[in-house]
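Asks: Sharing a structure with you now.
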2 protein chains.
Amino acid sequence: MKNSNNMLHFTFLGTSSGVPTLTRNVSGLAIRNSKNKDWILVDAGEGTQHRIQQAKLALQSLVAICITHVHGDHCYGLVGLLASAGMNARTAPLTIIAPKQIQQWIEVTAQLTDLHLPYPLNFIDVNEAAQIQQITDELSIQAHPLSHRVPSFAFSIIAQNTQKKLDTQALIQLGIPKGKAWGDLQQGQNIQFNGETLKATDFIQLQTKRVHTIVGGDNNRPELLAQACQDAQLLIHESTYTQAILDKVGSGPMHSSAKMVAEFAQHQNLSNLILTHFSPRHQDNTGQQAIAEEVKTFYTGNFYLAHDFDQFSLDETGQLTKIEKY
Amino acid sequence: MKNSNNMLHFTFLGTSSGVPTLTRNVSGLAIRNSKNKDWILVDAGEGTQHRIQQAKLALQSLVAICITHVHGDHCYGLVGLLASAGMNARTAPLTIIAPKQIQQWIEVTAQLTDLHLPYPLNFIDVNEAAQIQQITDELSIQAHPLSHRVPSFAFSIIAQNTQKKLDTQALIQLGIPKGKAWGDLQQGQNIQFNGETLKATDFIQLQTKRVHTIVGGDNNRPELLAQACQDAQLLIHESTYTQAILDKVGSGPMHSSAKMVAEFAQHQNLSNLILTHFSPRHQDNTGQQAIAEEVKTFYTGNFYLAHDFDQFSLDETGQLTKIEKY
């Protein structure tokens with residue numbers, strides 16, 4: 001299922017809300033740049049490093065960790081993961097975009113548990129990440145505030161690459177032969193042809209490809225993402241309950257129902273939606289069916305309910321594909 | 001393999017040193033009172049709550065957690081486990097015997113991550129547990145200092161129960177018929193027989209059964225347990241490396257080799273030994289064989305190398321049995 005146009009590759013590491021169950025771990029999502037090995041982790045519930053191992057992702061290639069909010073099912077796996085990366089001899093700096101308390105927690109934990117990381121952490125307060133943060137040449141991250149019992153955030157994960165494309169049609173029209181001349185122009189070098197200087201910049205077109213996904217943390221107001229979603233090809237959002245169960249549980253936990261997210265996605269005209277973070281009561285077939293039925297009732301776009309180890313790819317045309325395992 | 005004389009039942013939840021691997025988690029050991037559901041957890045590396053779920057142990061029946069030392073592979077699973085017990089509506093107090101830093105870590109973590117446990121924690125500083133701590137009517141715990149890069153401890157886990165046994169031989173000799181009279185005496189009630197008062201206390205013998213196991217934390221001086229082991233039927237101890245690898249790694253990490261533990265156990269005349277906490281390099285068949293060969297060379301007693309989910313029972317006669325799974 002490899003597709004050279006794929007730009008982001010997703011592996012769900014945990015899709016359970018609150019507590020791990022026998023089939024689903026608490027929150028964690030790996031988002032890899034399809035062009036190389038760089039990847040970003042969104043949330044790190046306890047056991048995320050175990051899932052990373054099972055999914056054959058390399059801690060050495062991890063470029064950033066985003067933590068949506070401070071609740072344990074989204075962050076208690078963070079220190080163990082950092083420690084293991086250290087024991088695996090990581091030396092490259094690692095960016096962490098998270099609420100300020102996460103930085104405090106890591107620092108206090110390191111101090112109390114004799115943890116000495118052999119690589120630097122680059123903490124970015126999630127509030128500062130309201131401005132786009134460039135993580136690598138191709139990957140950038142932006143945070144958007146949500147509504148939950150504690151400050152919670154969604155993250156835009158954007159992959160963008162610019163390719164130099166030679167205007168071959170123009171070269172053919174001018175009668176410039178393929179070979180060294182084309183190669184030099186592609187490399188940005190001017191060439192001599194029939195006594196004239198041909199400037200490389202006149203024959204090179206910059207093509208920018210870009211995909212943008214939004215990954216939400218816990219949130220009971222999907223509409224807060226309305227503006228951010230205008231530019232996104234995919235929304236990954238919690239759907240802890242069906243509406244019926246949410247009505248029964250009450251608004252205290254401040255989570256979204258499938259209906260709430262589906263209605264929002266429909267209203268936004270979003271083309272792709274992946275739901276995750278299911279209450280244990282919705283994890284069996286019946287529970288998943290109830291969620292799926294509710295989404296279908298309110299949303300006509302392309303959607304999936306995530307399971308642990310599910311993988312997806314998103315290409316530059318906005319096509320979301322589930323990767324079947326063999 | 002149920003045996004009414006079994007008194008302690010062991011489930012290894014993690015047997016890897018430092019980092020989890022695909023087959024072994026970091027440290028965790030469940031020790032259950034075979035007479036009821038009460039159990040004690042020694043160490044709680046990240047993912048211990050997942051292992052507890054898989055081993056079908058109930059967080060509701062957990063009576064105490066002992067943490068041998070502050071290194072992450074022995075404690076990073078603690079807060080997630082406490083949180084999950086809370087979400088499972090635990091209300092019973094839970095005793096934690098651990099270095100003082102663990103209490104601080106839990107308190108700071110709770111504060112920074114919005115964690116509110118619906119049950120009280122009863123912290124006992126591990127240094128205070130040099131005195132025996134009675135956890136339930138039958139289970140008690142005592143801590144013994146070890147030698148490691150940070151303060152590290154072993155724990156004596158002792159199960160003791162006293163049963164009232166009727167002196168049936170004496171009753172038969174006196175011609176006292178079975179039935180109500182025997183029952184009354186067993187219940188502690190004096191009876192009338194041939195015009196005489198027979199005192200229950202004269203016919204009841206108190207039988208005390210006791211088993212004692214020692215579970216060590218990280219340690220490079222097994223001989224520190226010499227005194228504590230005099231009374232123990234089983235020692236469970238780390239054996240991170242073979243002696244050859246320990247010599248190569250050097251003394252910096254302050255761990256034990258299989259040889260060091262085996263020689264100590266032989267010198268102590270210990271009847272049962274279980275080794276655990278293996279370096280990832282010793283986890284494949286070849287590595288395990290090397291450890292086993294080294295133990296056999298220096299120790300003639302009964303020993304096992306623990307794997308994750310291995311279960312053992314220890315009975316009042318000091319018989320250690322591996323429980324085969326069907």
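Chain labels run A, B, ... following the order of the structure tokens; each chain numbers its residues from 1, and ligands are numbered from 1 in the order shown.
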Residues of chain A that approach chain B to 10 Å or less, counting only C-alpha atoms: could you list each one with the shortest pair of atoms and its distance in Å to one decimal, rows by chain and increasing residue number, as a tab-separated table?
Replies:
residue	atom	partner	partner_atom	distance
A:Gly18	CA	B:Ser84	CA	7.8
A:Val19	CA	B:Ser84	CA	6.0
A:Pro20	CA	B:His50	CA	6.9
A:Thr21	CA	B:Gln53	CA	7.7
A:Leu22	CA	B:Gln54	CA	6.8
A:Asn25	CA	B:His50	CA	8.6
A:Gly45	CA	B:Gly80	CA	8.7
A:Glu46	CA	B:Gly47	CA	6.4
A:Gly47	CA	B:Gly47	CA	5.2
A:Thr48	CA	B:Gly47	CA	8.9
A:Gln49	CA	B:Pro20	CA	8.3
A:His50	CA	B:Pro20	CA	6.9
A:Arg51	CA	B:Leu22	CA	9.4
A:Gln53	CA	B:Leu22	CA	7.0
A:Gln54	CA	B:Leu22	CA	6.8
A:His69	CA	B:Thr113	CA	8.5
A:Val70	CA	B:Thr113	CA	4.8
A:His71	CA	B:Thr113	CA	5.3
A:Gly72	CA	B:Thr113	CA	6.3
A:Asp73	CA	B:Gly80	CA	7.6
A:His74	CA	B:Thr113	CA	9.8
A:Cys75	CA	B:Thr113	CA	8.6
A:Tyr76	CA	B:Gly80	CA	6.5
A:Gly77	CA	B:Glu46	CA	7.2
A:Leu78	CA	B:Tyr76	CA	9.5
A:Val79	CA	B:Tyr76	CA	7.5
A:Gly80	CA	B:Tyr76	CA	6.5
A:Leu81	CA	B:Val19	CA	9.3
A:Ala83	CA	B:Gly72	CA	7.7
A:Ser84	CA	B:Val19	CA	6.0
A:Ala85	CA	B:Val19	CA	9.5
A:Met87	CA	B:Val19	CA	7.7
A:Asn88	CA	B:Val19	CA	9.1
A:Lys100	CA	B:Leu112	CA	9.5
A:Gln101	CA	B:Leu112	CA	5.7
A:Ile102	CA	B:Leu112	CA	7.6
A:Gln103	CA	B:Leu112	CA	10.0
A:Gln104	CA	B:Leu112	CA	8.0
A:Trp105	CA	B:Thr109	CA	6.6
A:Ile106	CA	B:Thr109	CA	9.6
A:Val108	CA	B:Trp105	CA	7.6
A:Thr109	CA	B:Trp105	CA	6.6
A:Ala110	CA	B:Gly72	CA	9.1
A:Gln111	CA	B:Gln101	CA	9.4
A:Leu112	CA	B:Gln101	CA	5.7
A:Thr113	CA	B:Val70	CA	4.8
A:Asp114	CA	B:His71	CA	6.4
A:Leu115	CA	B:His71	CA	7.4
A:Arg149	CA	B:Asp114	CA	9.1
A:Val150	CA	B:Asp114	CA	7.8
Asks: Neighbours of Ala64 in chain A within 6 Å (only C-alpha atoms; same-chain residues fewer than 6 positions away dropped), as a VMD selection string?
Replies: chain A and resid 40 94 to 96
Asks: Write out as a PyMOL selection string each polymer residue whose atoms come within 9 Å of Trp182 in chain A, counting only C-alpha atoms; drop sequence neighbours fewer than 4 positions from it.
Replies: chain A and resi 166+168+171+176-178+186-187
Asks: Save the residues we just selected, all heavy atoms, as a PDB file, in the first residue's frame?
Replies:
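The resulting file, out-v7.pdb, is shown below:
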ATOM      1  N   LEU A 166      11.397  20.888 -12.962  1.00  0.00           N
ATOM      2  CA  LEU A 166      11.924  21.507 -14.174  1.00  0.00           C
ATOM      3  C   LEU A 166      10.782  21.698 -15.178  1.00  0.00           C
ATOM      4  O   LEU A 166       9.971  20.799 -15.366  1.00  0.00           O
ATOM      5  CB  LEU A 166      12.995  20.562 -14.760  1.00  0.00           C
ATOM      6  CG  LEU A 166      14.130  21.192 -15.559  1.00  0.00           C
ATOM      7  CD1 LEU A 166      14.849  22.263 -14.746  1.00  0.00           C
ATOM      8  CD2 LEU A 166      15.116  20.092 -15.974  1.00  0.00           C
ATOM      9  N   THR A 168       9.925  21.194 -18.171  1.00  0.00           N
ATOM     10  CA  THR A 168      10.455  20.410 -19.305  1.00  0.00           C
ATOM     11  C   THR A 168       9.796  20.814 -20.615  1.00  0.00           C
ATOM     12  O   THR A 168      10.429  20.774 -21.680  1.00  0.00           O
ATOM     13  CB  THR A 168      10.253  18.904 -19.056  1.00  0.00           C
ATOM     14  OG1 THR A 168       8.890  18.681 -18.720  1.00  0.00           O
ATOM     15  CG2 THR A 168      11.135  18.417 -17.921  1.00  0.00           C
ATOM     16  N   LEU A 171      11.686  23.636 -22.035  1.00  0.00           N
ATOM     17  CA  LEU A 171      13.011  23.206 -22.514  1.00  0.00           C
ATOM     18  C   LEU A 171      12.889  22.489 -23.855  1.00  0.00           C
ATOM     19  O   LEU A 171      13.709  22.706 -24.761  1.00  0.00           O
ATOM     20  CB  LEU A 171      13.668  22.278 -21.477  1.00  0.00           C
ATOM     21  CG  LEU A 171      14.017  22.936 -20.131  1.00  0.00           C
ATOM     22  CD1 LEU A 171      14.570  21.905 -19.149  1.00  0.00           C
ATOM     23  CD2 LEU A 171      15.029  24.078 -20.329  1.00  0.00           C
ATOM     24  N   ILE A 176      16.285  22.371 -26.206  1.00  0.00           N
ATOM     25  CA  ILE A 176      17.438  22.031 -25.339  1.00  0.00           C
ATOM     26  C   ILE A 176      17.426  20.544 -25.063  1.00  0.00           C
ATOM     27  O   ILE A 176      16.436  20.011 -24.553  1.00  0.00           O
ATOM     28  CB  ILE A 176      17.362  22.844 -24.027  1.00  0.00           C
ATOM     29  CG1 ILE A 176      17.372  24.343 -24.372  1.00  0.00           C
ATOM     30  CG2 ILE A 176      18.509  22.479 -23.080  1.00  0.00           C
ATOM     31  CD1 ILE A 176      17.096  25.250 -23.219  1.00  0.00           C
ATOM     32  N   PRO A 177      18.515  19.871 -25.415  1.00  0.00           N
ATOM     33  CA  PRO A 177      18.515  18.408 -25.299  1.00  0.00           C
ATOM     34  C   PRO A 177      18.555  17.955 -23.845  1.00  0.00           C
ATOM     35  O   PRO A 177      19.175  18.587 -22.995  1.00  0.00           O
ATOM     36  CB  PRO A 177      19.805  18.007 -26.032  1.00  0.00           C
ATOM     37  CG  PRO A 177      20.689  19.202 -25.928  1.00  0.00           C
ATOM     38  CD  PRO A 177      19.811  20.411 -25.885  1.00  0.00           C
ATOM     39  N   LYS A 178      17.887  16.840 -23.597  1.00  0.00           N
ATOM     40  CA  LYS A 178      17.947  16.199 -22.279  1.00  0.00           C
ATOM     41  C   LYS A 178      19.387  15.894 -21.942  1.00  0.00           C
ATOM     42  O   LYS A 178      20.228  15.806 -22.823  1.00  0.00           O
ATOM     43  CB  LYS A 178      17.172  14.881 -22.291  1.00  0.00           C
ATOM     44  CG  LYS A 178      15.681  15.026 -22.189  1.00  0.00           C
ATOM     45  CD  LYS A 178      15.019  13.658 -21.996  1.00  0.00           C
ATOM     46  CE  LYS A 178      13.526  13.785 -22.243  1.00  0.00           C
ATOM     47  NZ  LYS A 178      12.818  12.514 -22.066  1.00  0.00           N
ATOM     48  N   GLN A 186      18.266  21.861 -13.254  1.00  0.00           N
ATOM     49  CA  GLN A 186      17.574  21.279 -12.088  1.00  0.00           C
ATOM     50  C   GLN A 186      18.358  21.583 -10.805  1.00  0.00           C
ATOM     51  O   GLN A 186      17.781  21.857  -9.746  1.00  0.00           O
ATOM     52  CB  GLN A 186      17.423  19.774 -12.288  1.00  0.00           C
ATOM     53  CG  GLN A 186      16.854  19.010 -11.079  1.00  0.00           C
ATOM     54  CD  GLN A 186      15.331  19.020 -11.053  1.00  0.00           C
ATOM     55  OE1 GLN A 186      14.669  18.642 -12.013  1.00  0.00           O
ATOM     56  NE2 GLN A 186      14.762  19.495  -9.947  1.00  0.00           N
ATOM     57  N   GLN A 187      19.710  21.547 -10.926  1.00  0.00           N
ATOM     58  CA  GLN A 187      20.574  21.823  -9.773  1.00  0.00           C
ATOM     59  C   GLN A 187      20.678  23.327  -9.485  1.00  0.00           C
ATOM     60  O   GLN A 187      21.374  23.733  -8.548  1.00  0.00           O
ATOM     61  CB  GLN A 187      21.993  21.298 -10.030  1.00  0.00           C
ATOM     62  CG  GLN A 187      22.077  19.783 -10.200  1.00  0.00           C
ATOM     63  CD  GLN A 187      21.644  19.018  -8.967  1.00  0.00           C
ATOM     64  OE1 GLN A 187      21.988  19.418  -7.853  1.00  0.00           O
ATOM     65  NE2 GLN A 187      20.841  17.979  -9.157  1.00  0.00           N
TER      66      GLN A 187
END
Asks: Please provide the set of residues having any atom within 12 Å of His212 in chain A, restricted to only C-alpha atoms, with same-chain residues fewer than 3 positions apart removed, written as a PyMOL selection string.
Replies: chain A and resi 7-9+31+33+138-142+155-160+209+215+228-236+272+313-320
Asks: From the list A:Thr23, A:Thr68, A:Gln189, A:Thr242, which residue is nearest Ser147 in chain A when using only C-alpha atoms?
Replies: A:Thr68
Asks: So what do you get for CA of Glu294 in chain B versus CA of Ser152 in chain B, distance-wise?
Replies: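 Between CA of Glu294 in chain B and CA of Ser152 in chain B the gap works out to 24.9 Å.
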Asks: Based on the backbone DSSP call, show me all residues of range 140-241 of chain B assigned helix (DSSP H, G or I), as a list in words.
Replies: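 So the helix (DSSP H, G or I) residues in range 140-241 of chain B would be Thr168, Gln169, Ala170, Leu171, Ile172, Gln173, Lys180, Ala181, Trp182, Gly183, Asp184, Leu185, Gln186, Ala200, Thr201, Asp202, Pro222, Glu223, Leu224, Leu225, Ala226, Gln227, Ala228 and Cys229 of chain B.
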Asks: Which residues, written as a ChimeraX atom specification, have at least one atom at most 12 Å from His237 in chain A, with only C-alpha atoms counted and residues fewer than 4 positions away on the same chain left out?
Replies: /A:15,27,29,68,146,153-156,213-223,225,229,255-262,264-265,272-278,303-306
Asks: When you draw a straight line from CA of Val42 in chain A to CA of Gln131 in chain A, how long is it in Å?
Replies: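 Spanning CA of Val42 in chain A to CA of Gln131 in chain A is a straight-line distance of 17.6 Å.
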Asks: Which of range 95-207 of chain A end up as strand (DSSP E or B) when DSSP is run on this backbone - answer as number ranges by chain?
Replies: A: 95-98, 121-125, 133-134, 139-145, 153-166, 191-193, 196-198, 204-207
Asks: I'd like the interatomic distance between CA of Gly301 in chain A and CA of Thr162 in chain A, to a tenth of an Å.
Replies: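 So the answer is 29.1 Å.
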